[in-house]
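Trainee: Sharing data38.tsv here; it has TSV, C-alpha atoms.
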```tsv
chain	number	residue	atom	x	y	z
P	358	MET	CA	-68.48	258.47	160.54
P	359	ASP	CA	-68.09	259.40	156.86
P	360	GLU	CA	-70.62	262.07	155.83
P	361	ASN	CA	-71.33	260.19	152.59
P	362	LEU	CA	-72.99	257.41	154.58
P	363	ARG	CA	-75.30	259.60	156.63
P	364	GLY	CA	-79.00	259.41	155.88
P	365	LEU	CA	-78.79	256.10	154.06
P	366	ASP	CA	-80.78	253.11	155.22
P	367	SER	CA	-79.44	249.65	156.04
P	368	ILE	CA	-75.76	250.43	156.28
P	369	THR	CA	-74.39	246.99	157.05
P	370	LEU	CA	-71.09	246.38	158.81
P	371	THR	CA	-69.71	244.81	155.63
P	372	ARG	CA	-70.68	247.86	153.61
P	373	TYR	CA	-69.28	250.21	156.23
P	374	VAL	CA	-65.91	248.44	156.34
P	375	LEU	CA	-65.68	248.36	152.55
P	376	HIS	CA	-66.44	252.08	152.43
P	377	GLY	CA	-63.67	252.69	154.95
P	378	GLN	CA	-61.27	250.66	152.82
P	379	ARG	CA	-61.92	252.86	149.78
P	380	ALA	CA	-60.88	255.90	151.81
P	381	HIS	CA	-57.32	254.54	151.89
P	382	ASN	CA	-55.78	254.43	148.46
P	383	HIS	CA	-53.10	251.92	149.36
P	384	ALA	CA	-55.38	249.51	151.24
P	385	ARG	CA	-55.35	245.95	149.91
P	386	GLY	CA	-58.48	244.86	151.74
P	387	ASP	CA	-56.71	242.64	154.29
P	388	LEU	CA	-58.30	244.34	157.29
P	389	THR	CA	-61.69	244.23	155.57
P	390	ILE	CA	-61.38	240.48	155.08
P	391	LEU	CA	-60.23	239.98	158.67
P	392	LEU	CA	-63.12	242.02	160.12
P	393	THR	CA	-65.54	240.06	157.94
P	394	ALA	CA	-64.17	236.85	159.47
P	395	VAL	CA	-64.57	238.29	162.97
P	396	GLN	CA	-68.19	239.31	162.37
P	397	LEU	CA	-68.95	235.83	161.02
P	398	ALA	CA	-67.46	234.32	164.18
P	399	CYS	CA	-69.69	236.63	166.22
P	400	LYS	CA	-72.78	235.55	164.25
P	401	VAL	CA	-72.00	231.87	164.78
P	402	THR	CA	-71.36	232.47	168.48
P	403	ASP	CA	-74.65	234.36	168.74
P	404	VAL	CA	-76.52	231.36	167.28
P	405	CYS	CA	-74.81	229.06	169.78
P	406	VAL	CA	-75.65	231.35	172.71
P	407	ARG	CA	-79.32	231.50	171.73
P	408	ARG	CA	-79.53	227.73	171.34
P	409	SER	CA	-77.41	226.97	174.38
P	410	GLY	CA	-80.17	225.65	176.62
P	411	ILE	CA	-81.88	223.65	173.88
P	412	ALA	CA	-78.58	222.24	172.62
P	413	LYS	CA	-77.45	221.43	176.20
P	414	LEU	CA	-74.47	223.71	176.05
P	415	TYR	CA	-74.96	224.98	179.58
P	416	GLY	CA	-72.80	223.69	182.38
P	417	LEU	CA	-69.15	223.06	183.00
P	418	ALA	CA	-67.03	221.49	180.31
P	419	GLY	CA	-65.03	219.60	182.88
P	420	ILE	CA	-61.84	221.51	182.16
P	421	GLY	CA	-60.54	224.86	183.30
P	422	ASN	CA	-59.31	227.47	180.88
P	423	PHE	CA	-55.75	228.70	181.14
P	424	GLN	CA	-56.78	231.48	183.51
P	425	SER	CA	-58.25	228.92	185.98
P	426	GLU	CA	-61.79	230.26	185.62
P	427	SER	CA	-64.84	228.04	185.25
P	428	GLU	CA	-64.90	226.99	181.61
P	429	LYS	CA	-68.21	226.45	179.83
P	430	ASP	CA	-68.87	224.12	176.91
P	431	LEU	CA	-70.20	227.16	175.10
P	432	LYS	CA	-66.96	229.07	175.62
P	433	THR	CA	-64.96	226.19	174.20
P	434	LEU	CA	-67.21	226.23	171.14
P	435	ALA	CA	-66.89	230.01	170.79
P	436	ASN	CA	-63.11	229.76	171.01
P	437	ASP	CA	-63.01	227.12	168.26
P	438	THR	CA	-65.34	229.26	166.13
P	439	PHE	CA	-63.10	232.31	166.38
P	440	LYS	CA	-59.94	230.32	165.66
P	441	THR	CA	-61.43	228.55	162.63
P	442	ASN	CA	-62.86	231.67	161.00
P	443	ILE	CA	-59.82	233.84	161.64
P	444	GLU	CA	-57.40	231.24	160.34
P	445	ALA	CA	-59.54	230.72	157.23
P	446	CYS	CA	-59.32	234.40	156.25
P	447	GLU	CA	-55.53	233.98	155.83
P	448	LYS	CA	-54.82	237.54	156.97
P	449	VAL	CA	-53.49	236.73	160.45
P	450	SER	CA	-50.07	235.45	161.47
P	451	ILE	CA	-50.55	235.34	165.25
P	452	MET	CA	-53.58	234.71	167.46
P	453	VAL	CA	-53.88	235.11	171.22
P	454	SER	CA	-57.00	233.77	172.95
P	455	GLU	CA	-58.06	234.07	176.56
P	456	SER	CA	-58.88	230.37	176.44
P	457	GLU	CA	-55.46	229.25	175.17
P	458	ASP	CA	-52.36	228.97	177.27
P	459	MET	CA	-50.08	229.71	174.32
P	460	ALA	CA	-49.95	232.20	171.50
P	461	LEU	CA	-51.10	230.46	168.34
P	462	VAL	CA	-48.74	231.20	165.48
P	463	LEU	CA	-50.16	230.25	162.10
P	464	ASP	CA	-47.00	228.93	160.49
P	465	ARG	CA	-48.38	228.79	156.97
P	466	ASN	CA	-49.20	232.52	157.15
P	467	LEU	CA	-46.20	233.55	159.18
P	468	ASN	CA	-44.32	235.27	156.38
P	469	SER	CA	-47.22	236.97	154.59
P	470	ALA	CA	-50.17	237.93	156.80
P	471	LYS	CA	-49.57	241.36	158.32
P	472	TYR	CA	-52.05	241.26	161.20
P	473	ALA	CA	-52.21	239.71	164.63
P	474	ILE	CA	-55.38	239.37	166.70
P	475	ALA	CA	-56.13	238.88	170.38
P	476	PHE	CA	-59.60	237.92	171.58
P	477	ASP	CA	-61.74	236.75	174.46
P	478	PRO	CA	-64.21	234.46	172.65
P	479	LEU	CA	-66.88	234.53	175.35
P	480	ASP	CA	-66.56	237.16	178.06
P	481	GLY	CA	-68.78	236.58	181.09
P	482	SER	CA	-69.08	232.82	180.62
P	483	SER	CA	-69.81	232.36	184.34
P	484	ASN	CA	-73.13	234.15	183.68
P	485	ILE	CA	-74.33	231.72	181.02
P	486	ASP	CA	-76.47	229.58	183.32
P	487	ALA	CA	-78.25	232.71	184.62
P	488	ASN	CA	-79.12	233.82	181.05
P	489	ILE	CA	-77.26	237.11	181.54
P	490	SER	CA	-75.68	238.94	178.61
P	491	VAL	CA	-72.29	237.64	177.50
P	492	GLY	CA	-70.02	238.80	174.72
P	493	SER	CA	-66.82	238.55	172.69
P	494	ILE	CA	-63.93	241.05	172.67
P	495	PHE	CA	-61.19	241.46	170.07
P	496	ALA	CA	-58.26	243.67	169.13
P	497	VAL	CA	-56.37	243.66	165.83
P	498	TYR	CA	-52.69	244.62	165.75
P	499	ARG	CA	-50.49	245.40	162.74
P	500	LEU	CA	-47.26	243.51	162.26
P	501	GLN	CA	-44.70	245.99	160.98
P	502	ASP	CA	-42.48	243.39	159.30
P	503	ALA	CA	-44.49	240.19	158.96
P	504	GLY	CA	-42.14	238.91	156.29
P	505	GLY	CA	-39.21	239.23	158.67
P	506	ILE	CA	-40.72	237.06	161.39
P	507	ARG	CA	-38.86	233.78	161.50
P	508	THR	CA	-38.97	232.59	165.10
P	509	VAL	CA	-41.52	232.26	167.87
P	510	GLU	CA	-39.62	234.84	169.89
P	511	GLU	CA	-39.90	237.33	167.04
P	512	ALA	CA	-43.61	236.60	166.67
P	513	THR	CA	-44.15	237.05	170.40
P	514	GLU	CA	-42.33	240.35	170.42
P	515	ALA	CA	-44.36	241.52	167.43
P	516	ILE	CA	-47.77	241.22	169.12
P	517	LEU	CA	-46.67	242.75	172.42
P	518	GLN	CA	-47.52	246.28	171.31
P	519	LYS	CA	-48.92	249.28	173.12
P	520	GLY	CA	-52.69	249.50	173.02
P	521	SER	CA	-52.38	252.78	171.13
P	522	GLU	CA	-51.03	250.77	168.18
P	523	ILE	CA	-54.33	248.87	167.73
P	524	ALA	CA	-55.62	248.85	164.14
P	525	ALA	CA	-59.20	247.91	165.07
P	526	ALA	CA	-61.02	246.79	168.18
P	527	GLY	CA	-64.53	245.91	169.21
P	528	TYR	CA	-66.90	243.67	171.05
P	529	ALA	CA	-70.08	241.75	170.37
P	530	MET	CA	-72.76	241.55	173.05
P	531	TYR	CA	-75.26	238.71	172.99
P	532	GLY	CA	-78.32	239.85	174.90
P	533	SER	CA	-81.92	240.88	174.17
P	534	SER	CA	-80.45	241.91	170.81
P	535	THR	CA	-77.00	241.26	169.40
P	536	SER	CA	-74.77	244.30	169.12
P	537	LEU	CA	-71.33	244.71	167.59
P	538	VAL	CA	-69.45	247.84	168.61
P	539	ILE	CA	-66.30	248.63	166.65
P	540	SER	CA	-63.65	251.27	166.07
P	541	THR	CA	-60.81	251.56	163.60
P	542	GLY	CA	-59.69	254.81	165.21
P	543	ASP	CA	-62.25	257.04	163.50
P	544	GLY	CA	-64.88	257.01	166.23
P	545	VAL	CA	-67.02	254.27	167.72
P	546	HIS	CA	-69.94	252.78	165.82
P	547	ALA	CA	-72.58	250.33	167.03
P	548	PHE	CA	-74.25	247.78	164.79
P	549	THR	CA	-77.23	245.56	165.62
P	550	LEU	CA	-77.78	242.13	164.13
P	551	ASP	CA	-80.94	242.02	162.01
P	552	PRO	CA	-82.02	238.35	162.14
P	553	SER	CA	-84.13	238.72	159.01
P	554	LEU	CA	-81.10	239.85	156.99
P	555	GLY	CA	-78.41	237.98	158.87
P	556	GLU	CA	-76.43	241.22	158.81
P	557	PHE	CA	-75.15	243.72	161.38
P	558	VAL	CA	-76.86	247.04	160.58
P	559	LEU	CA	-75.56	250.44	161.72
P	560	THR	CA	-77.83	251.68	164.50
P	561	GLN	CA	-75.66	254.07	166.55
P	562	PRO	CA	-73.03	255.92	164.50
P	563	SER	CA	-70.31	257.97	166.18
P	564	LEU	CA	-71.05	257.06	169.78
P	565	ARG	CA	-69.87	259.61	172.34
P	566	ILE	CA	-69.66	258.96	176.05
P	567	LYS	CA	-70.92	261.65	178.44
P	568	ASP	CA	-68.25	263.82	180.08
P	569	ARG	CA	-69.75	262.86	183.43
P	570	GLY	CA	-72.19	260.14	184.39
P	571	ASN	CA	-73.93	259.10	187.59
P	572	ILE	CA	-73.23	255.35	187.59
P	573	TYR	CA	-70.28	253.40	188.93
P	574	SER	CA	-69.69	249.78	188.04
P	575	VAL	CA	-67.49	247.59	190.24
P	576	ASN	CA	-67.66	244.38	192.25
P	577	GLU	CA	-68.20	246.06	195.60
P	578	GLY	CA	-68.07	242.73	197.37
P	579	ASN	CA	-64.29	243.07	197.13
P	580	SER	CA	-64.20	246.53	198.71
P	581	ASP	CA	-62.30	245.38	201.79
P	582	GLU	CA	-59.50	244.24	199.49
P	583	TRP	CA	-59.26	247.39	197.36
P	584	ASN	CA	-56.41	249.85	197.39
P	585	GLU	CA	-56.96	253.01	199.41
P	586	SER	CA	-57.43	255.32	196.41
P	587	THR	CA	-60.31	253.25	195.05
P	588	ARG	CA	-62.02	253.09	198.46
P	589	LEU	CA	-61.78	256.86	198.88
P	590	TYR	CA	-63.14	257.54	195.40
P	591	VAL	CA	-66.10	255.17	195.74
P	592	ASN	CA	-66.99	256.68	199.12
P	593	SER	CA	-66.87	260.16	197.56
P	594	ILE	CA	-69.45	259.30	194.91
P	595	LYS	CA	-71.65	257.31	197.29
P	596	PHE	CA	-71.62	260.02	199.97
P	597	PRO	CA	-70.82	263.31	198.18
P	598	ILE	CA	-69.74	266.21	200.36
P	599	ASP	CA	-71.19	268.67	197.85
P	600	GLU	CA	-74.91	268.72	198.61
P	601	THR	CA	-75.69	269.78	195.04
P	602	ARG	CA	-74.41	266.45	193.71
P	603	LYS	CA	-76.49	263.32	194.00
P	604	PRO	CA	-74.96	259.97	194.99
P	605	TYR	CA	-73.99	257.72	192.11
P	606	SER	CA	-75.92	254.50	191.46
P	607	LEU	CA	-74.17	251.13	191.49
P	608	ARG	CA	-74.72	248.91	188.45
P	609	TYR	CA	-72.61	245.78	188.06
P	610	ILE	CA	-73.43	242.88	185.76
P	611	GLY	CA	-70.18	240.93	185.97
P	612	THR	CA	-69.75	240.68	182.20
P	613	MET	CA	-67.20	243.29	181.08
P	614	VAL	CA	-68.86	243.65	177.67
P	615	ALA	CA	-72.25	244.46	179.20
P	616	ASP	CA	-70.84	246.80	181.84
P	617	ILE	CA	-68.74	248.70	179.28
P	618	HIS	CA	-71.66	248.87	176.84
P	619	ARG	CA	-73.83	250.52	179.49
P	620	THR	CA	-70.99	252.87	180.41
P	621	LEU	CA	-70.59	253.94	176.77
P	622	LEU	CA	-74.31	254.67	176.48
P	623	TYR	CA	-75.04	256.23	179.88
P	624	GLY	CA	-71.68	257.46	181.14
P	625	GLY	CA	-70.05	256.85	184.49
P	626	VAL	CA	-67.05	254.75	185.40
P	627	PHE	CA	-66.20	251.04	185.18
P	628	MET	CA	-63.59	249.73	187.61
P	629	TYR	CA	-61.69	246.51	188.20
P	630	PRO	CA	-59.04	247.59	190.71
P	631	THR	CA	-56.17	245.77	192.28
P	632	ASP	CA	-56.93	243.83	195.43
P	633	ARG	CA	-55.05	241.49	197.71
P	634	LEU	CA	-55.80	238.48	195.54
P	635	HIS	CA	-55.06	240.23	192.23
P	636	ARG	CA	-52.22	242.57	193.07
P	637	ARG	CA	-51.64	243.49	189.43
P	638	GLY	CA	-55.32	243.53	188.50
P	639	LYS	CA	-57.46	240.78	187.00
P	640	LEU	CA	-58.30	241.91	183.46
P	641	ARG	CA	-55.86	241.01	180.69
P	642	LEU	CA	-54.31	243.74	178.57
P	643	LEU	CA	-54.16	242.39	175.02
P	644	TYR	CA	-57.76	241.21	174.68
P	645	GLU	CA	-59.72	242.93	177.47
P	646	ALA	CA	-58.23	246.18	178.78
P	647	PHE	CA	-56.64	247.36	175.51
P	648	PRO	CA	-59.65	246.96	173.17
P	649	MET	CA	-62.08	248.42	175.69
P	650	ALA	CA	-59.77	251.35	176.46
P	651	PHE	CA	-59.38	251.94	172.70
P	652	LEU	CA	-63.18	252.12	172.32
P	653	ILE	CA	-63.67	254.32	175.39
P	654	GLU	CA	-61.02	256.82	174.28
P	655	ASN	CA	-62.33	256.93	170.71
P	656	ALA	CA	-65.73	257.77	172.20
P	657	GLY	CA	-64.26	260.68	174.18
P	658	GLY	CA	-63.64	258.97	177.52
P	659	LYS	CA	-60.53	258.07	179.51
P	660	ALA	CA	-58.96	254.78	180.56
P	661	THR	CA	-56.26	254.37	183.20
P	662	THR	CA	-54.69	251.93	185.61
P	663	GLY	CA	-54.70	254.66	188.24
P	664	TRP	CA	-51.04	255.29	187.54
P	665	GLU	CA	-50.82	255.45	183.75
P	666	ARG	CA	-52.89	255.56	180.59
P	667	ILE	CA	-53.84	251.97	179.72
P	668	LEU	CA	-53.07	252.38	176.01
P	669	ASP	CA	-49.49	253.50	176.83
P	670	ILE	CA	-48.55	250.22	178.52
P	671	VAL	CA	-46.11	247.99	176.67
P	672	PRO	CA	-47.04	244.42	177.71
P	673	THR	CA	-44.29	241.92	178.38
P	674	THR	CA	-46.43	238.76	178.26
P	675	VAL	CA	-49.54	237.81	176.29
P	676	HIS	CA	-51.75	237.24	179.33
P	677	GLN	CA	-50.46	240.19	181.35
P	678	ARG	CA	-53.03	241.74	183.68
P	679	ALA	CA	-53.64	245.30	184.79
P	680	PRO	CA	-56.00	247.27	187.03
P	681	VAL	CA	-58.69	249.03	185.00
P	682	TYR	CA	-60.62	252.27	185.46
P	683	MET	CA	-62.43	253.65	182.41
P	684	GLY	CA	-65.43	255.71	181.46
P	685	SER	CA	-66.51	259.35	181.42
P	686	LYS	CA	-63.61	261.79	181.23
P	687	LEU	CA	-64.48	263.88	184.30
P	688	ASP	CA	-65.31	260.85	186.44
P	689	VAL	CA	-61.96	259.22	185.66
P	690	GLU	CA	-60.16	262.51	186.33
P	691	ASP	CA	-61.86	262.69	189.75
P	692	LEU	CA	-60.63	259.17	190.49
P	693	LEU	CA	-57.07	260.04	189.43
P	694	GLY	CA	-57.16	262.87	191.93
P	695	PHE	CA	-57.43	260.33	194.74
P	696	PHE	CA	-54.45	258.38	193.41
P	697	GLN	CA	-52.45	261.60	193.47
P	698	GLN	CA	-53.74	262.39	196.96
P	699	THR	CA	-52.73	259.04	198.47
P	700	GLY	CA	-49.45	258.74	196.61
P	701	GLU	CA	-49.90	254.97	196.33
P	702	GLN	CA	-47.24	253.19	194.32
P	703	PRO	CA	-48.14	251.05	191.30
P	704	PRO	CA	-48.04	247.28	191.79
P	705	SER	CA	-44.77	245.52	191.10
P	706	ILE	CA	-44.48	242.52	188.79
P	707	CYS	CA	-43.23	240.65	191.84
P	708	ASP	CA	-46.57	241.15	193.60
P	709	GLU	CA	-48.22	238.22	191.85
P	710	GLY	CA	-45.97	235.19	191.84
P	711	THR	CA	-47.97	233.08	189.39
P	712	LEU	CA	-48.11	235.79	186.73
P	713	ASP	CA	-44.93	234.85	184.93
P	714	GLU	CA	-45.97	231.20	184.71
P	715	ASP	CA	-49.31	232.27	183.27
P	716	ASP	CA	-47.84	234.35	180.50
P	717	LEU	CA	-44.65	232.82	179.13
P	718	SER	CA	-45.74	229.81	177.06
P	719	PHE	CA	-45.45	230.07	173.29
P	720	GLU	CA	-45.12	227.71	170.36
P	721	VAL	CA	-45.51	227.63	166.58
P	722	LYS	CA	-48.83	225.94	166.07
P	723	GLY	CA	-50.97	225.35	163.00
P	724	ILE	CA	-54.64	224.92	163.75
```
Could you spell out this file's structure in structure tokens?
Mentor:
Amino acid sequence: MDENLRGLDSITLTRYVLHGQRAHNHARGDLTILLTAVQLACKVTDVCVRRSGIAKLYGLAGIGNFQSESEKDLKTLANDTFKTNIEACEKVSIMVSESEDMALVLDRNLNSAKYAIAFDPLDGSSNIDANISVGSIFAVYRLQDAGGIRTVEEATEAILQKGSEIAAAGYAMYGSSTSLVISTGDGVHAFTLDPSLGEFVLTQPSLRIKDRGNIYSVNEGNSDEWNESTRLYVNSIKFPIDETRKPYSLRYIGTMVADIHRTLLYGGVFMYPTDRLHRRGKLRLLYEAFPMAFLIENAGGKATTGWERILDIVPTTVHQRAPVYMGSKLDVEDLLGFFQQTGEQPPSICDEGTLDEDDLSFEVKGI
């Protein structure tokens, strides 16, 4: 965080982003405008989440999303909110949403807007009925030659970047309070929505994750389906051989935003490994694994598939999945030791036959 902002009260997200813009002499304010649109979408989504029971937004919408998960009315509304606000800012050429089967290419911006964005509008939607925290995740990517994009194929290729190329990433968590955690590569900063101001206010600047935690977060109900390296690692932290080390505690909410938020604050490791049903993992790269790995690494942690650094992957499709292990640096290094010990091979693209069908639909589409 910039030293000039320390010690000042009520540093809003808008003010913080504007201050960051002034640090770059050649900045035109496009990213500032885009992030302002994203935070407005998060505020609107927060209002909808808090009114969901009263407004009868609980329950199934009657349609599945593209990923064949249970789709909520509220998630549909959140998706529309993000699309509308992002398009209106006129700084984005390409959008990818977890709830859309195709990449949305904003044809009227195609030759001018230099950013692309991928987002999950409402992560953890299956938890809505139980009143458990849900959230939104986003990642902003730069388009190197937006003016040169003329075809859908060129637009598709442009957004399929390594996670290390992210310009900004973050998540909003809608719980007992509403948090927005963001990074533009200069550290990780947490803002909390002040309802009286209607603004996100900086509450946790320069978040750093512990080098080692004592919590692991994973759906252990799938343990019989895990790869051998994950089973060995989890057993090692549940039943440590070293008597001086205490067993780790299991904490699993089932909303990635909430589980990662706790991991950032308390340390430990979050895992969504491969299993027999999801042989290439379940979490999507562009709008789940990449933005969360970007935040974790900027906070001093590590993020891996077990075989490679998540941010080094070059995706080939917009809904491509990957196994995910991220959190405290030493915990993730311990886990990688078991992958080296077993010598397990990474999953092949042929391991999940429906993957290619999931990921290869694109069209130019104004919304």
Trainee: Would you compute the distance between atom CA of Pro703 of chain P and atom CA of Leu634 of chain P? Give it in Å to one decimal.
Mentor: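 These atoms are spaced 15.3 Å apart.
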Trainee: Counting all atoms listed in the file, which of P:Asn436, P:Ser521, P:Ser483, P:Ser409 gets nearest to Pro648 of chain P?
Mentor: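 Distance minimum relative to Pro648 of chain P lands on P:Ser521.
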Trainee: Which is closest to Asp477 of chain P among P:Glu556, P:Leu642, P:Asn576, P:Leu564, if we use all atoms listed in the file?
Mentor: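 Nearest to Asp477 of chain P: P:Leu642.
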Trainee: Check which residues of segment 491-598 of chain P sit at most 7 Å from segment 671-680 of chain P using only C-alpha atoms, and return one row each with the closest pair of atoms and their distance in Å to one decimal, ordered by chain and rising number, as a Markdown table.
Mentor:
```
| residue | atom | partner | partner_atom | distance |
| --- | --- | --- | --- | --- |
| P:Leu517 | CA | P:Pro672 | CA | 5.6 |
| P:Gln518 | CA | P:Val671 | CA | 5.8 |
| P:Lys519 | CA | P:Val671 | CA | 4.7 |
```
Trainee: Can you write out the residues you just picked, keeping C-alpha atoms, as an mmCIF file, in the frame of the given file?
Mentor:
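And here is the file that came out, part.cif:
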```
data_model
loop_
_atom_site.group_PDB
_atom_site.id
_atom_site.type_symbol
_atom_site.label_atom_id
_atom_site.label_comp_id
_atom_site.auth_asym_id
_atom_site.auth_seq_id
_atom_site.Cartn_x
_atom_site.Cartn_y
_atom_site.Cartn_z
ATOM 1 C CA LEU P 517 -46.670 242.750 172.420
ATOM 2 C CA GLN P 518 -47.520 246.280 171.310
ATOM 3 C CA LYS P 519 -48.920 249.280 173.120
#
```
Trainee: Let me make sure I understand: among P:Pro552, P:Pro597, P:Gly544, P:Gly520, which one has the smallest atom-to-atom distance to Ile670 of chain P if we use all atoms listed in the file?
Mentor: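 Closest residue, counting all atoms listed in the file: P:Gly520.
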Trainee: Report, in Å with one decimal, the straight-line distance from atom CA of Gly578 of chain P to atom CA of Arg666 of chain P.
Mentor: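 Distance reported for this atom pair: 26.0 Å.
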Trainee: Identify which of the residues P:Ile610, P:Lys567, P:Asn442, P:Cys405 lies closest to Ala487 of chain P, counting all atoms listed in the file when measuring atom-to-atom distances.
Mentor: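 Among the listed residues, P:Ile610 lies closest to Ala487 of chain P.
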Trainee: Just want the 9 Å neighbourhood of segment 685-698 of chain P, counted on all atoms listed in the file, with same-chain residues fewer than 6 positions away dropped. Output as a list of chain:residue names.
Mentor: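 Here the qualifying residues turn out to be P:Ile566, P:Lys567, P:Asp568, P:Arg569, P:Gly570, P:Asn571, P:Glu585, P:Ser586, P:Thr587, P:Leu589, P:Tyr590, P:Val591, P:Thr620, P:Leu621, P:Gly624, P:Gly625, P:Val626, P:Ile653, P:Glu654, P:Gly657, P:Gly658, P:Lys659, P:Ala660, P:Thr661, P:Gly663, P:Trp664.
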Trainee: Which is closer to Asp403 of chain P than all the others in P:Lys432, P:Arg602, P:Arg608, P:Lys448, using only C-alpha atoms?
Mentor: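 The closest residue to Asp403 of chain P is P:Lys432.
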Trainee: Which value, in Å to one decimal, gives the distance between atom CA of Asp581 of chain P and atom CA of Gly700 of chain P?
Mentor: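 Atom CA of Asp581 of chain P sits 19.2 Å away from atom CA of Gly700 of chain P.
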Trainee: List the neighbours of Val575 of chain P out to 9 Å using all atoms listed in the file; skip same-chain residues closer than 5 positions along the sequence, and give me the result as a ChimeraX atom specification.
Mentor: /P:607-611,626-630
Trainee: Between P:Glu457, P:Leu388, P:Ser493, P:Lys400, which one has atoms that come closest to Asp551 of chain P, using all atoms listed in the file?
Mentor: P:Lys400
Trainee: For segment 523-534 of chain P, take all atoms listed in the file, fit an axis-aligned box around them, add 3 Å to each of the six sides, then output centre and edge lengths in Å rounded to one decimal, as JSON.
Mentor:
```
{"center_x": -68.1, "center_y": 243.8, "center_z": 169.5, "size_x": 33.6, "size_y": 16.2, "size_z": 16.8}
```
Trainee: Some atoms are missing, so please complete segment 596-612 of chain P with N, CA and C atoms and return it as a CSV table (one decimal), keeping the file's coordinate frame.
Mentor:
```csv
chain,number,residue,atom,x,y,z
P,596,PHE,N,-71.3,259.1,198.9
P,596,PHE,CA,-71.6,260.0,200.0
P,596,PHE,C,-71.0,261.4,199.6
P,597,PRO,N,-71.5,262.1,198.6
P,597,PRO,CA,-70.8,263.3,198.2
P,597,PRO,C,-70.9,264.4,199.2
P,598,ILE,N,-69.8,265.1,199.4
P,598,ILE,CA,-69.7,266.2,200.4
P,598,ILE,C,-70.5,267.4,199.8
P,599,ASP,N,-70.4,267.6,198.5
P,599,ASP,CA,-71.2,268.7,197.8
P,599,ASP,C,-72.7,268.3,197.8
P,600,GLU,N,-73.5,269.0,198.5
P,600,GLU,CA,-74.9,268.7,198.6
P,600,GLU,C,-75.7,268.9,197.3
P,601,THR,N,-75.0,269.6,196.3
P,601,THR,CA,-75.7,269.8,195.0
P,601,THR,C,-75.5,268.6,194.1
P,602,ARG,N,-74.6,267.6,194.5
P,602,ARG,CA,-74.4,266.4,193.7
P,602,ARG,C,-75.1,265.3,194.3
P,603,LYS,N,-75.8,264.5,193.5
P,603,LYS,CA,-76.5,263.3,194.0
P,603,LYS,C,-75.5,262.1,194.1
P,604,PRO,N,-75.8,261.2,195.0
P,604,PRO,CA,-75.0,260.0,195.0
P,604,PRO,C,-75.1,259.2,193.7
P,605,TYR,N,-74.0,258.5,193.3
P,605,TYR,CA,-74.0,257.7,192.1
P,605,TYR,C,-74.7,256.4,192.4
P,606,SER,N,-75.3,255.8,191.4
P,606,SER,CA,-75.9,254.5,191.5
P,606,SER,C,-74.9,253.4,191.1
P,607,LEU,N,-75.0,252.3,191.8
P,607,LEU,CA,-74.2,251.1,191.5
P,607,LEU,C,-74.9,250.2,190.5
P,608,ARG,N,-74.2,249.9,189.4
P,608,ARG,CA,-74.7,248.9,188.4
P,608,ARG,C,-73.6,248.0,188.1
P,609,TYR,N,-73.7,246.7,188.4
P,609,TYR,CA,-72.6,245.8,188.1
P,609,TYR,C,-73.2,244.5,187.6
P,610,ILE,N,-72.9,244.1,186.4
P,610,ILE,CA,-73.4,242.9,185.8
P,610,ILE,C,-72.5,241.7,185.9
P,611,GLY,N,-71.2,242.0,185.8
P,611,GLY,CA,-70.2,240.9,186.0
P,611,GLY,C,-69.7,240.4,184.6
P,612,THR,N,-70.2,240.9,183.6
P,612,THR,CA,-69.8,240.7,182.2
P,612,THR,C,-69.2,242.0,181.7
```
